[in-house]
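The next block is target_33.cif, given as mmCIF, C-alpha atoms and all ligand atoms.
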data_structure
#
loop_
_atom_site.label_atom_id
_atom_site.label_comp_id
_atom_site.auth_asym_id
_atom_site.auth_seq_id
_atom_site.Cartn_x
_atom_site.Cartn_y
_atom_site.Cartn_z
CA MET Q 1 125.94 65.77 89.90
CA PHE Q 2 126.39 67.46 93.28
CA GLU Q 3 123.18 67.76 95.25
CA ARG Q 4 123.08 70.11 98.18
CA LYS Q 5 121.47 68.85 101.36
CA LYS Q 6 119.11 70.84 103.55
CA THR Q 7 120.54 74.16 104.74
CA LEU Q 8 119.89 76.25 107.84
CA ALA Q 9 116.71 78.32 107.66
CA VAL Q 10 117.00 82.07 108.25
CA LYS Q 11 113.94 84.12 109.21
CA VAL Q 12 113.76 87.46 107.44
CA ALA Q 13 110.77 89.25 108.99
CA ASN Q 14 107.83 87.06 107.93
CA ILE Q 15 109.73 84.92 105.38
CA TYR Q 16 112.09 81.96 105.76
CA ILE Q 17 115.10 81.59 103.48
CA GLY Q 18 116.75 78.18 103.34
CA GLY Q 19 115.85 74.89 104.98
CA LEU Q 20 113.15 73.21 102.97
CA ASN Q 21 111.35 76.48 102.29
CA PRO Q 22 110.45 77.60 98.75
CA ILE Q 23 113.08 79.63 96.92
CA VAL Q 24 112.55 83.34 97.51
CA ILE Q 25 112.68 85.90 94.69
CA GLN Q 26 114.23 89.20 95.61
CA SER Q 27 115.07 92.38 93.76
CA MET Q 28 116.66 95.77 94.30
CA THR Q 29 115.45 99.31 93.71
CA ASN Q 30 117.33 101.81 91.54
CA THR Q 31 115.74 104.95 92.94
CA ASP Q 32 117.45 107.45 95.23
CA THR Q 33 116.57 106.01 98.64
CA SER Q 34 116.23 109.48 100.13
CA ASP Q 35 113.27 109.99 97.75
CA VAL Q 36 110.70 108.25 99.94
CA LYS Q 37 107.79 108.26 97.51
CA SER Q 38 109.70 107.04 94.43
CA THR Q 39 111.47 104.31 96.39
CA ALA Q 40 108.30 103.16 98.15
CA ASN Q 41 106.38 103.09 94.86
CA GLN Q 42 109.09 101.06 93.18
CA ILE Q 43 109.12 98.60 96.07
CA ILE Q 44 105.33 98.23 95.71
CA GLU Q 45 105.75 97.69 91.97
CA LEU Q 46 108.42 95.02 92.52
CA TYR Q 47 106.28 93.34 95.18
CA LYS Q 48 103.28 93.23 92.85
CA ALA Q 49 105.47 91.74 90.12
CA GLY Q 50 106.35 88.86 92.46
CA SER Q 51 109.36 89.95 94.51
CA SER Q 52 109.10 88.71 98.10
CA ILE Q 53 111.99 90.81 99.42
CA VAL Q 54 113.33 94.14 98.15
CA ARG Q 55 116.78 95.58 98.85
CA VAL Q 56 117.54 99.28 98.85
CA THR Q 57 120.85 101.03 99.04
CA VAL Q 58 121.48 102.87 102.32
CA ASN Q 59 124.39 104.96 101.16
CA ASN Q 60 124.15 108.12 103.25
CA GLU Q 61 122.42 109.83 106.14
CA ALA Q 62 119.46 111.02 104.02
CA ALA Q 63 118.85 107.44 102.87
CA ALA Q 64 119.07 106.16 106.45
CA ILE Q 65 116.50 108.74 107.61
CA SER Q 66 114.16 107.73 104.77
CA ILE Q 67 114.02 104.02 105.61
CA PRO Q 68 111.39 104.14 108.41
CA LYS Q 69 109.32 106.54 106.28
CA ILE Q 70 109.46 104.16 103.30
CA VAL Q 71 108.32 101.22 105.44
CA GLU Q 72 105.49 103.29 106.89
CA TYR Q 73 104.40 104.62 103.49
CA ILE Q 74 104.16 101.10 102.04
CA ARG Q 75 102.18 99.84 105.03
CA ASN Q 76 99.82 102.79 105.11
CA THR Q 77 99.10 103.13 101.41
CA GLU Q 78 99.01 99.47 100.34
CA ASN Q 79 98.93 97.48 103.57
CA ILE Q 80 101.96 95.56 102.32
CA ASP Q 81 104.39 94.02 104.77
CA ILE Q 82 107.34 93.25 102.50
CA PRO Q 83 110.77 92.79 104.12
CA ILE Q 84 113.12 95.60 103.10
CA VAL Q 85 116.84 94.92 103.17
CA GLY Q 86 119.49 97.61 103.60
CA ASP Q 87 122.53 97.43 101.33
CA PHE Q 88 125.57 98.88 103.11
CA HIS Q 89 129.03 99.78 101.83
CA TYR Q 90 131.83 101.83 103.43
CA ASN Q 91 129.74 103.62 106.09
CA GLY Q 92 127.26 100.94 107.20
CA HIS Q 93 128.86 100.72 110.66
CA ILE Q 94 128.28 104.46 111.19
CA LEU Q 95 124.72 104.52 109.82
CA LEU Q 96 123.59 101.40 111.68
CA THR Q 97 124.93 102.81 114.95
CA LYS Q 98 123.63 106.34 114.52
CA TYR Q 99 120.18 105.66 113.03
CA SER Q 100 118.45 103.17 115.29
CA ASP Q 101 115.01 103.70 113.68
CA MET Q 102 116.50 102.70 110.35
CA ALA Q 103 118.29 99.70 111.87
CA LYS Q 104 114.99 98.56 113.43
CA ALA Q 105 112.87 99.15 110.31
CA LEU Q 106 115.09 97.07 108.03
CA ALA Q 107 114.44 93.31 107.87
CA LYS Q 108 118.03 92.35 107.04
CA TYR Q 109 121.42 93.98 106.53
CA ARG Q 110 123.63 93.23 103.55
CA ILE Q 111 127.26 93.54 104.57
CA ASN Q 112 130.01 93.50 101.96
CA PRO Q 113 133.23 92.39 103.73
CA GLY Q 114 135.26 93.98 100.93
CA ASN Q 115 133.83 97.42 101.70
CA VAL Q 116 134.00 97.72 105.48
CA GLY Q 117 137.49 99.21 105.74
CA ARG Q 118 141.07 97.90 105.62
CA LEU Q 119 143.11 95.92 108.21
CA ASP Q 120 142.23 96.86 111.83
CA ARG Q 121 139.39 99.12 110.73
CA HIS Q 122 137.94 96.17 108.81
CA ASP Q 123 137.41 94.05 111.90
CA GLU Q 124 136.17 96.95 114.04
CA ASN Q 125 133.68 98.19 111.44
CA PHE Q 126 132.48 94.68 110.70
CA LYS Q 127 131.94 94.07 114.42
CA GLN Q 128 129.97 97.30 114.73
CA MET Q 129 127.57 96.11 112.01
CA ILE Q 130 127.20 92.64 113.51
CA ASP Q 131 126.60 94.24 116.93
CA ALA Q 132 123.69 96.17 115.38
CA ALA Q 133 122.30 92.93 113.91
CA ILE Q 134 122.49 91.27 117.34
CA LYS Q 135 121.01 94.28 119.13
CA TYR Q 136 118.02 94.57 116.77
CA ASP Q 137 117.69 90.81 116.20
CA LYS Q 138 118.23 91.00 112.44
CA PRO Q 139 119.74 88.51 110.01
CA VAL Q 140 122.56 89.54 107.70
CA ARG Q 141 123.71 88.61 104.25
CA ILE Q 142 127.45 88.52 103.96
CA GLY Q 143 127.55 89.47 100.32
CA VAL Q 144 130.94 89.13 98.68
CA ASN Q 145 131.37 90.48 95.16
CA TRP Q 146 134.40 90.04 92.92
CA GLY Q 147 134.25 93.74 92.01
CA SER Q 148 134.88 94.70 95.62
CA ILE Q 149 136.76 91.70 97.01
CA ASP Q 150 138.64 92.23 100.29
CA GLN Q 151 142.03 93.34 98.89
CA ASP Q 152 144.05 92.33 101.96
CA LEU Q 153 142.65 88.82 101.85
CA LEU Q 154 143.20 88.54 98.09
CA LEU Q 155 146.82 89.71 98.37
CA ARG Q 156 147.49 87.21 101.17
CA LEU Q 157 146.05 84.30 99.14
CA MET Q 158 147.96 85.41 96.00
CA ASP Q 159 151.21 85.47 98.04
CA GLU Q 160 150.56 82.04 99.54
CA ASN Q 161 149.76 80.67 96.10
CA LYS Q 162 153.01 82.05 94.64
CA ARG Q 163 155.03 80.17 97.24
CA LYS Q 164 153.43 76.81 96.34
CA THR Q 165 155.39 74.29 94.27
CA LYS Q 166 152.51 74.14 91.81
CA PRO Q 167 150.76 77.53 91.93
CA GLN Q 168 147.19 77.85 90.63
CA ASP Q 169 146.18 80.49 88.10
CA SER Q 170 144.99 83.87 89.39
CA ASN Q 171 141.33 83.19 88.51
CA PHE Q 172 141.39 80.11 90.76
CA VAL Q 173 142.85 82.16 93.61
CA LEU Q 174 140.28 84.92 93.09
CA LYS Q 175 137.44 82.40 93.43
CA GLU Q 176 139.04 80.93 96.56
CA ALA Q 177 139.28 84.46 97.95
CA LEU Q 178 135.55 85.00 97.38
CA ILE Q 179 134.71 81.81 99.27
CA GLU Q 180 137.26 82.46 102.00
CA SER Q 181 135.96 86.01 102.48
CA ALA Q 182 132.37 84.77 102.90
CA LEU Q 183 133.21 81.86 105.21
CA SER Q 184 135.73 83.70 107.40
CA SER Q 185 133.34 86.67 107.75
CA ALA Q 186 130.54 84.30 108.80
CA LEU Q 187 132.85 82.75 111.38
CA MET Q 188 133.84 86.19 112.64
CA ALA Q 189 130.14 87.14 112.98
CA ILE Q 190 129.48 83.98 115.00
CA LYS Q 191 132.46 84.72 117.28
CA ILE Q 192 131.03 88.21 117.87
CA GLY Q 193 127.78 86.55 118.97
CA LEU Q 194 125.49 86.29 115.93
CA GLU Q 195 123.56 83.00 115.72
CA PRO Q 196 124.48 80.86 112.67
CA ASN Q 197 120.81 80.85 111.63
CA LYS Q 198 121.01 84.61 111.09
CA ILE Q 199 123.52 84.35 108.28
CA ILE Q 200 123.02 84.11 104.51
CA LEU Q 201 126.00 84.08 102.15
CA SER Q 202 126.64 85.14 98.59
CA THR Q 203 129.76 85.16 96.42
CA LYS Q 204 128.84 86.94 93.21
CA ILE Q 205 130.82 87.08 90.03
CA SER Q 206 129.82 88.11 86.50
CA LYS Q 207 131.05 85.13 84.43
CA VAL Q 208 128.66 82.19 84.14
CA ASN Q 209 131.20 79.37 84.47
CA ASP Q 210 133.01 81.06 87.35
CA LEU Q 211 129.77 81.70 89.19
CA ILE Q 212 128.74 78.05 88.94
CA ASP Q 213 132.19 76.93 90.04
CA VAL Q 214 132.38 79.27 93.02
CA TYR Q 215 128.89 78.43 94.32
CA GLU Q 216 129.40 74.68 93.92
CA LYS Q 217 132.49 74.96 96.10
CA LEU Q 218 130.85 77.28 98.61
CA ALA Q 219 127.79 75.01 98.89
CA SER Q 220 129.98 71.98 99.60
CA ARG Q 221 131.79 73.82 102.42
CA CYS Q 222 128.91 75.23 104.51
CA ASP Q 223 125.25 74.86 105.37
CA TYR Q 224 124.29 78.53 105.35
CA PRO Q 225 121.46 79.45 102.96
CA LEU Q 226 122.83 80.96 99.76
CA HIS Q 227 121.69 84.03 97.89
CA ILE Q 228 122.57 83.41 94.24
CA GLY Q 229 122.70 85.66 91.22
CA LEU Q 230 124.98 86.55 88.37
CA THR Q 231 126.27 90.00 89.21
CA GLU Q 232 126.30 92.67 86.50
CA ALA Q 233 124.57 90.28 84.09
CA GLY Q 234 124.01 93.10 81.61
CA MET Q 235 121.17 94.33 79.46
CA GLY Q 236 118.44 92.60 77.45
CA THR Q 237 118.82 89.12 76.00
CA LYS Q 238 122.43 88.70 77.14
CA GLY Q 239 121.59 89.42 80.77
CA ILE Q 240 118.53 87.18 80.71
CA VAL Q 241 120.26 84.25 79.00
CA ASN Q 242 123.39 84.37 81.16
CA SER Q 243 121.44 84.72 84.40
CA SER Q 244 119.10 81.89 83.42
CA MET Q 245 121.96 79.53 82.51
CA ALA Q 246 123.89 80.18 85.70
CA LEU Q 247 120.91 80.04 88.05
CA ALA Q 248 119.34 76.98 86.42
CA ILE Q 249 122.52 74.91 86.72
CA LEU Q 250 122.90 75.85 90.38
CA LEU Q 251 119.24 75.46 91.29
CA LYS Q 252 119.12 71.98 89.71
CA GLN Q 253 121.78 70.97 92.23
CA GLY Q 254 119.80 72.37 95.14
CA ILE Q 255 122.15 75.35 95.39
CA GLY Q 256 120.40 78.65 96.02
CA ASP Q 257 117.74 79.57 98.57
CA THR Q 258 117.01 83.06 97.32
CA ILE Q 259 117.64 84.48 93.86
CA ARG Q 260 118.15 87.87 92.32
CA VAL Q 261 118.46 88.53 88.60
CA SER Q 262 120.70 91.59 88.17
CA LEU Q 263 119.56 93.05 84.86
CA THR Q 264 120.43 96.47 83.55
CA PRO Q 265 117.08 97.91 82.47
CA LYS Q 266 116.89 99.86 79.21
CA PRO Q 267 116.17 103.54 79.91
CA ASP Q 268 112.45 103.06 79.22
CA GLU Q 269 112.17 99.60 80.77
CA SER Q 270 110.49 98.78 84.07
CA ARG Q 271 112.61 97.57 86.96
CA THR Q 272 110.18 94.67 87.32
CA LYS Q 273 111.78 92.87 84.35
CA GLU Q 274 114.29 91.25 86.72
CA VAL Q 275 111.44 89.85 88.82
CA GLU Q 276 109.65 88.57 85.73
CA VAL Q 277 112.81 86.74 84.62
CA ALA Q 278 113.35 85.29 88.11
CA ARG Q 279 109.77 84.00 88.10
CA HIS Q 280 110.25 82.37 84.70
CA ILE Q 281 113.46 80.69 85.89
CA LEU Q 282 111.73 79.15 88.92
CA GLN Q 283 108.64 78.25 86.91
CA GLY Q 284 110.69 76.71 84.09
CA LEU Q 285 112.44 74.47 86.61
CA ASN Q 286 109.11 73.69 88.27
CA LEU Q 287 110.39 75.09 91.55
CA LYS Q 288 107.66 77.68 92.00
CA VAL Q 289 104.57 77.98 89.82
CA THR Q 290 103.43 81.60 89.93
CA GLN Q 291 101.63 82.08 86.65
CA PRO Q 292 99.85 80.10 83.92
CA ASP Q 293 102.06 78.56 81.28
CA ILE Q 294 101.36 79.68 77.72
CA VAL Q 295 103.01 77.38 75.23
CA ALA Q 296 103.32 78.65 71.66
CA CYS Q 297 105.18 77.27 68.68
CA PRO Q 298 107.81 79.53 67.12
CA GLY Q 299 106.15 79.51 63.71
CA CYS Q 300 107.85 78.53 60.45
CA GLY Q 301 107.22 78.38 56.71
CA ARG Q 302 104.03 76.42 57.40
CA THR Q 303 102.49 79.34 59.28
CA THR Q 304 100.08 81.20 57.05
CA SER Q 305 100.11 84.61 58.72
CA THR Q 306 100.95 86.46 61.92
CA TYR Q 307 97.56 85.42 63.30
CA PHE Q 308 98.93 82.85 65.73
CA GLN Q 309 101.45 85.41 67.07
CA GLU Q 310 98.62 87.91 67.56
CA LEU Q 311 96.47 85.30 69.27
CA THR Q 312 99.36 84.41 71.60
CA GLN Q 313 99.77 88.09 72.47
CA VAL Q 314 96.05 88.59 73.13
CA VAL Q 315 95.79 85.45 75.29
CA THR Q 316 98.94 86.35 77.27
CA LYS Q 317 97.65 89.85 77.90
CA TYR Q 318 94.19 88.57 78.83
CA ILE Q 319 95.59 86.14 81.38
CA ASN Q 320 98.06 88.68 82.79
CA THR Q 321 95.31 91.28 83.18
CA ASN Q 322 93.12 88.82 85.06
CA GLN Q 323 95.98 87.22 87.03
CA THR Q 324 95.44 89.09 90.33
CA SER Q 325 91.67 88.70 90.50
CA TRP Q 326 91.68 85.10 89.21
CA SER Q 327 94.37 84.11 91.72
CA LYS Q 328 92.06 85.25 94.52
CA LYS Q 329 88.84 83.85 93.03
CA TYR Q 330 90.19 80.64 91.56
CA PRO Q 331 92.86 78.99 93.73
CA GLY Q 332 95.33 76.91 91.74
CA PHE Q 333 94.63 78.85 88.52
CA GLU Q 334 98.41 79.47 88.23
CA GLU Q 335 98.72 75.80 87.17
CA LEU Q 336 96.75 76.47 83.96
CA LYS Q 337 98.51 75.49 80.75
CA VAL Q 338 97.38 76.92 77.39
CA ALA Q 339 98.85 75.94 74.02
CA ILE Q 340 98.62 78.06 70.87
CA MET Q 341 100.01 76.28 67.85
CA GLY Q 342 100.57 77.29 64.23
CA CYS Q 343 99.74 74.16 62.23
CA ILE Q 344 98.78 70.51 62.21
CA VAL Q 345 102.37 69.18 62.60
CA ASN Q 346 102.64 69.65 66.37
CA GLY Q 347 99.38 71.53 66.91
CA PRO Q 348 96.98 68.77 67.99
CA GLY Q 349 99.69 66.89 69.93
CA GLU Q 350 100.86 69.88 71.98
CA SER Q 351 97.26 71.06 72.44
CA LYS Q 352 96.30 67.71 73.93
CA HIS Q 353 99.12 68.00 76.50
CA ALA Q 354 97.76 71.38 77.65
CA ASP Q 355 94.60 72.13 79.66
CA ILE Q 356 93.34 74.17 76.72
CA GLY Q 357 94.97 74.09 73.30
CA ILE Q 358 94.22 75.43 69.85
CA SER Q 359 95.78 74.26 66.61
CA LEU Q 360 95.54 77.01 64.02
CA PRO Q 361 95.54 76.13 60.32
CA GLY Q 362 98.90 76.27 58.54
CA THR Q 363 99.54 76.77 54.82
CA PHE Q 364 97.22 74.73 52.57
CA GLU Q 365 95.25 73.47 55.57
CA GLU Q 366 91.50 73.85 55.89
CA PRO Q 367 90.81 77.24 57.62
CA LYS Q 368 89.63 75.62 60.83
CA ALA Q 369 91.12 75.55 64.32
CA PRO Q 370 90.34 72.56 66.53
CA VAL Q 371 90.28 73.34 70.27
CA TYR Q 372 91.23 70.74 72.85
CA VAL Q 373 90.23 70.81 76.51
CA ASP Q 374 91.83 68.34 78.93
CA GLY Q 375 93.16 66.39 75.96
CA LYS Q 376 89.83 66.08 74.14
CA HIS Q 377 88.70 67.78 70.96
CA VAL Q 378 85.72 69.88 72.10
CA LYS Q 379 85.16 72.44 69.38
CA THR Q 380 86.42 73.71 66.05
CA LEU Q 381 86.69 77.47 65.65
CA SER Q 382 86.84 79.53 62.46
CA GLY Q 383 86.01 82.98 61.18
CA ASP Q 384 86.42 86.49 62.51
CA ASN Q 385 85.19 85.75 66.02
CA LEU Q 386 87.83 83.08 66.72
CA THR Q 387 89.87 85.10 69.23
CA GLN Q 388 86.84 86.10 71.29
CA GLU Q 389 85.47 82.56 71.30
CA PHE Q 390 88.83 81.16 72.41
CA LEU Q 391 88.99 83.67 75.30
CA GLU Q 392 85.48 82.60 76.32
CA ILE Q 393 86.60 78.97 76.42
CA ILE Q 394 89.51 79.99 78.71
CA ASP Q 395 87.11 81.97 80.94
CA LYS Q 396 84.70 79.08 81.27
CA TYR Q 397 87.47 76.57 81.96
CA VAL Q 398 89.09 78.70 84.70
CA SER Q 399 85.81 79.55 86.45
CA THR Q 400 84.70 75.89 86.43
CA LYS Q 401 87.92 74.04 87.17
CA TYR Q 402 89.42 76.33 89.82
CA GLN Q 403 86.24 77.31 91.61
CA LYS Q 404 86.69 77.47 95.43
S1 LIG Q 501 103.64 73.65 64.82
FE1 LIG Q 501 103.60 73.94 62.62
S2 LIG Q 501 103.74 76.15 62.34
FE2 LIG Q 501 104.40 75.73 64.41
S3 LIG Q 501 106.62 75.55 64.20
FE3 LIG Q 501 105.78 73.48 64.12
S4 LIG Q 501 105.56 73.06 61.94
FE4 LIG Q 501 105.82 75.29 62.16
#
Would it be possible to restate this file's structure as structure tokens?
Ligand code: SF4
Amino acid sequence: MFERKKTLAVKVANIYIGGLNPIVIQSMTNTDTSDVKSTANQIIELYKAGSSIVRVTVNNEAAAISIPKIVEYIRNTENIDIPIVGDFHYNGHILLTKYSDMAKALAKYRINPGNVGRLDRHDENFKQMIDAAIKYDKPVRIGVNWGSIDQDLLLRLMDENKRKTKPQDSNFVLKEALIESALSSALMAIKIGLEPNKIILSTKISKVNDLIDVYEKLASRCDYPLHIGLTEAGMGTKGIVNSSMALAILLKQGIGDTIRVSLTPKPDESRTKEVEVARHILQGLNLKVTQPDIVACPGCGRTTSTYFQELTQVVTKYINTNQTSWSKKYPGFEELKVAIMGCIVNGPGESKHADIGISLPGTFEEPKAPVYVDGKHVKTLSGDNLTQEFLEIIDKYVSTKYQK
């Protein structure tokens, strides 16, 4: 399996992306950027959910004017210093030149080389954006996307391919175009005067296999830090599963320095879902432990009732509710592992592997639930007060083990 070596490290305000630094979770708002309050509040929400960087679209003059106000609002109301990235398409060169306060307030600029104009205008507009990055000492992400690939570059590569004795299929050429667009744009930025350690690349595509393929190739051809994510992953389970598959395979090879999970939220769903999924991906791969691990069996015909599902829900909610205060009071509490199991088959075994585990009685078992702490049987619970007593055991364990 390919294993990517150390990459360059890029400083984005107070955070490093790449090098040997931890993988950074980022997300993007879906509010109208010109609405300062809504956008700032969503950024705060995403930050609290675990996003270290938040990107906002800067699509027009009103959005550009709002950026310094958003940064100020977040600092003044919550004292949060989260890097905010501006996402530019079509008119970024104009906005970055005209609105210097916006250009200064942003921590990074995302430039899409497919959306900066055609032919001569392409190079001029691109240069204008890189000039702004140099002037204000900002890093950039050259973010290529197959939905907006540089058409001139794609046509040239398709033509060259046609003339070959053994032409490749069009999907192969498209992926080469994504890589070529990212690498040649990075080279152009360096020629303009941007330092190589100010550049992050991405080449996003919405098919899992293609994404893995394109990033494996890109990673083998450069040492820039890579922003990875399955673009337009979709809604619900499909989006979560596809994003997780693609990102896990890349991250296991050391590919990916910052991740974004691009989920389509349901109309009533919080935008923070994408951050939650990103956290689970990193935690599942043991790359970044941000929250306690609650292990629960799926249940089967041996499960007597929905009690173990209810207990799992109550414990999860209890830990989530206390997460912020416990993280401050009890350093290392994120490492906690709790197991909630439905019967004797795997119950005691899994419980012993956890810090705290409970094995609930399955069908035809005695109505008793042994509790294990650090692998040892410490108590057997039963009766109506079981949930409360189990929560008290968790409380006691956390306040004793993770005390400062
Ligand atoms: S632990 Fe017991 S109840 Fe849970 S899935 Fe396994 S056999 Fe079924």
For the contact check between chain Q and ligand LIG 501 (chain Q), emit one row per residue of chain Q within 7 Å, containing the shortest atom pair and the distance in Å rounded to one decimal, counting all atoms listed in the file, chain then rising number order, as a tab-separated table.
residue	atom	partner	partner_atom	distance
Q:Cys297	CA	Q:LIG501	FE2	4.6
Q:Pro298	CA	Q:LIG501	S3	5.1
Q:Gly299	CA	Q:LIG501	S3	4.0
Q:Cys300	CA	Q:LIG501	FE4	4.2
Q:Gly301	CA	Q:LIG501	FE4	6.4
Q:Arg302	CA	Q:LIG501	S2	5.0
Q:Thr303	CA	Q:LIG501	S2	4.6
Q:Met341	CA	Q:LIG501	S1	5.4
Q:Gly342	CA	Q:LIG501	S2	3.9
Q:Cys343	CA	Q:LIG501	FE1	3.9
Q:Ile344	CA	Q:LIG501	FE1	5.9
Q:Val345	CA	Q:LIG501	FE1	4.9
Q:Asn346	CA	Q:LIG501	S1	4.4
Q:Gly347	CA	Q:LIG501	S1	5.2
Q:Gly362	CA	Q:LIG501	S2	6.2
Within 10 Å of region 318-327 of chain Q using all atoms listed in the file, minus same-chain residues under 6 positions, as a list in words: Lys48, Thr290, Gln291, Pro292, Asp293, Ile294, Thr312, Phe333, Glu334, Leu391, Ile394, Asp395, Val398, Ser399, Tyr402 and Gln403 of chain Q
Long-range neighbours of region 73-84 of chain Q as number ranges by chain, 12 Å cut-off, all atoms listed in the file, 3 positions minimum in chain: Q: 11-16, 24-29, 33, 35-48, 50-58, 66-70, 87, 102-110, 138-139
Based on the selection just made, write C-alpha atoms of those residues as a PDB file, in the frame of the given file.
ATOM      1  CA  LYS Q  11     113.940  84.120 109.210  1.00  0.00           C
ATOM      2  CA  VAL Q  12     113.760  87.460 107.440  1.00  0.00           C
ATOM      3  CA  ALA Q  13     110.770  89.250 108.990  1.00  0.00           C
ATOM      4  CA  ASN Q  14     107.830  87.060 107.930  1.00  0.00           C
ATOM      5  CA  ILE Q  15     109.730  84.920 105.380  1.00  0.00           C
ATOM      6  CA  TYR Q  16     112.090  81.960 105.760  1.00  0.00           C
ATOM      7  CA  VAL Q  24     112.550  83.340  97.510  1.00  0.00           C
ATOM      8  CA  ILE Q  25     112.680  85.900  94.690  1.00  0.00           C
ATOM      9  CA  GLN Q  26     114.230  89.200  95.610  1.00  0.00           C
ATOM     10  CA  SER Q  27     115.070  92.380  93.760  1.00  0.00           C
ATOM     11  CA  MET Q  28     116.660  95.770  94.300  1.00  0.00           C
ATOM     12  CA  THR Q  29     115.450  99.310  93.710  1.00  0.00           C
ATOM     13  CA  THR Q  33     116.570 106.010  98.640  1.00  0.00           C
ATOM     14  CA  ASP Q  35     113.270 109.990  97.750  1.00  0.00           C
ATOM     15  CA  VAL Q  36     110.700 108.250  99.940  1.00  0.00           C
ATOM     16  CA  LYS Q  37     107.790 108.260  97.510  1.00  0.00           C
ATOM     17  CA  SER Q  38     109.700 107.040  94.430  1.00  0.00           C
ATOM     18  CA  THR Q  39     111.470 104.310  96.390  1.00  0.00           C
ATOM     19  CA  ALA Q  40     108.300 103.160  98.150  1.00  0.00           C
ATOM     20  CA  ASN Q  41     106.380 103.090  94.860  1.00  0.00           C
ATOM     21  CA  GLN Q  42     109.090 101.060  93.180  1.00  0.00           C
ATOM     22  CA  ILE Q  43     109.120  98.600  96.070  1.00  0.00           C
ATOM     23  CA  ILE Q  44     105.330  98.230  95.710  1.00  0.00           C
ATOM     24  CA  GLU Q  45     105.750  97.690  91.970  1.00  0.00           C
ATOM     25  CA  LEU Q  46     108.420  95.020  92.520  1.00  0.00           C
ATOM     26  CA  TYR Q  47     106.280  93.340  95.180  1.00  0.00           C
ATOM     27  CA  LYS Q  48     103.280  93.230  92.850  1.00  0.00           C
ATOM     28  CA  GLY Q  50     106.350  88.860  92.460  1.00  0.00           C
ATOM     29  CA  SER Q  51     109.360  89.950  94.510  1.00  0.00           C
ATOM     30  CA  SER Q  52     109.100  88.710  98.100  1.00  0.00           C
ATOM     31  CA  ILE Q  53     111.990  90.810  99.420  1.00  0.00           C
ATOM     32  CA  VAL Q  54     113.330  94.140  98.150  1.00  0.00           C
ATOM     33  CA  ARG Q  55     116.780  95.580  98.850  1.00  0.00           C
ATOM     34  CA  VAL Q  56     117.540  99.280  98.850  1.00  0.00           C
ATOM     35  CA  THR Q  57     120.850 101.030  99.040  1.00  0.00           C
ATOM     36  CA  VAL Q  58     121.480 102.870 102.320  1.00  0.00           C
ATOM     37  CA  SER Q  66     114.160 107.730 104.770  1.00  0.00           C
ATOM     38  CA  ILE Q  67     114.020 104.020 105.610  1.00  0.00           C
ATOM     39  CA  PRO Q  68     111.390 104.140 108.410  1.00  0.00           C
ATOM     40  CA  LYS Q  69     109.320 106.540 106.280  1.00  0.00           C
ATOM     41  CA  ILE Q  70     109.460 104.160 103.300  1.00  0.00           C
ATOM     42  CA  ASP Q  87     122.530  97.430 101.330  1.00  0.00           C
ATOM     43  CA  MET Q 102     116.500 102.700 110.350  1.00  0.00           C
ATOM     44  CA  ALA Q 103     118.290  99.700 111.870  1.00  0.00           C
ATOM     45  CA  LYS Q 104     114.990  98.560 113.430  1.00  0.00           C
ATOM     46  CA  ALA Q 105     112.870  99.150 110.310  1.00  0.00           C
ATOM     47  CA  LEU Q 106     115.090  97.070 108.030  1.00  0.00           C
ATOM     48  CA  ALA Q 107     114.440  93.310 107.870  1.00  0.00           C
ATOM     49  CA  LYS Q 108     118.030  92.350 107.040  1.00  0.00           C
ATOM     50  CA  TYR Q 109     121.420  93.980 106.530  1.00  0.00           C
ATOM     51  CA  ARG Q 110     123.630  93.230 103.550  1.00  0.00           C
ATOM     52  CA  LYS Q 138     118.230  91.000 112.440  1.00  0.00           C
ATOM     53  CA  PRO Q 139     119.740  88.510 110.010  1.00  0.00           C
TER      54      PRO Q 139
END
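When CA of Ala369 (chain Q) is paired with CA of Lys401 (chain Q), their separation reads 23.1 Å.
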Contacts of region 116-133 of chain Q at 6 Å (all atoms listed in the file; same-chain gap of 3+ positions) as a PyMOL selection string: chain Q and resi 90+93+113+136-138
Contacts of Leu20 (chain Q) within 8 Å, all atoms listed in the file, excl. fewer than 3 positions in-chain, as a list in words: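 What passes the distance filter is Lys6, Thr7 and Ala9 of chain Q.
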Long-range neighbours of Thr387 (chain Q) as a ChimeraX atom specification, 12 Å cut-off, only C-alpha atoms, 3 positions minimum in chain: /Q:307-315,318,340,358,360,369,371,381-384,390-394
Residue list as number ranges by chain for point (109.4, 75.9, 89.2), cut-off 12 Å, only C-alpha atoms: Q: 22-25, 248, 251-252, 278-293, 334-335
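For the pair CA of Leu226 (chain Q) and CA of Gly19 (chain Q), the interatomic distance is 10.6 Å.
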Among the residues Q:Ala63, Q:Ile17, Q:Ala354, Q:Val214, the one that comes closest to Tyr372 (chain Q) [using all atoms listed in the file]: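 That would be Q:Ala354, the residue with the smallest distance to Tyr372 (chain Q).
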Computed interatomic separation between CA of Pro370 (chain Q) and CA of Val338 (chain Q) (Å):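 We find that CA of Pro370 (chain Q) and CA of Val338 (chain Q) lie 13.7 Å from each other.
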Test item: which residues lie within 10 Å of (133.3, 88.1, 101.6) counting all atoms listed in the file, as a list in words: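 Applying the cut-off with all atoms listed in the file, one gets Ile111, Asn112, Pro113, Gly114, Asn115, Arg141, Ile142, Gly143, Val144, Asn145, Trp146, Ser148, Ile149, Asp150, Leu153, Ala177, Leu178, Ile179, Glu180, Ser181, Ala182, Leu183, Ser184, Ser185, Ala186, Leu201, Ser202, Thr203 and Lys204 of chain Q.
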I'd like the box whose edges run along x, y and z of the file and which contains every listed atom of region 267-284 of chain Q, padded by 3 Å per side; could you state its centre and edge lengths in Å, one decimal, as JSON?
{"center_x": 112.4, "center_y": 90.1, "center_z": 84.1, "size_x": 13.5, "size_y": 32.8, "size_z": 15.7}
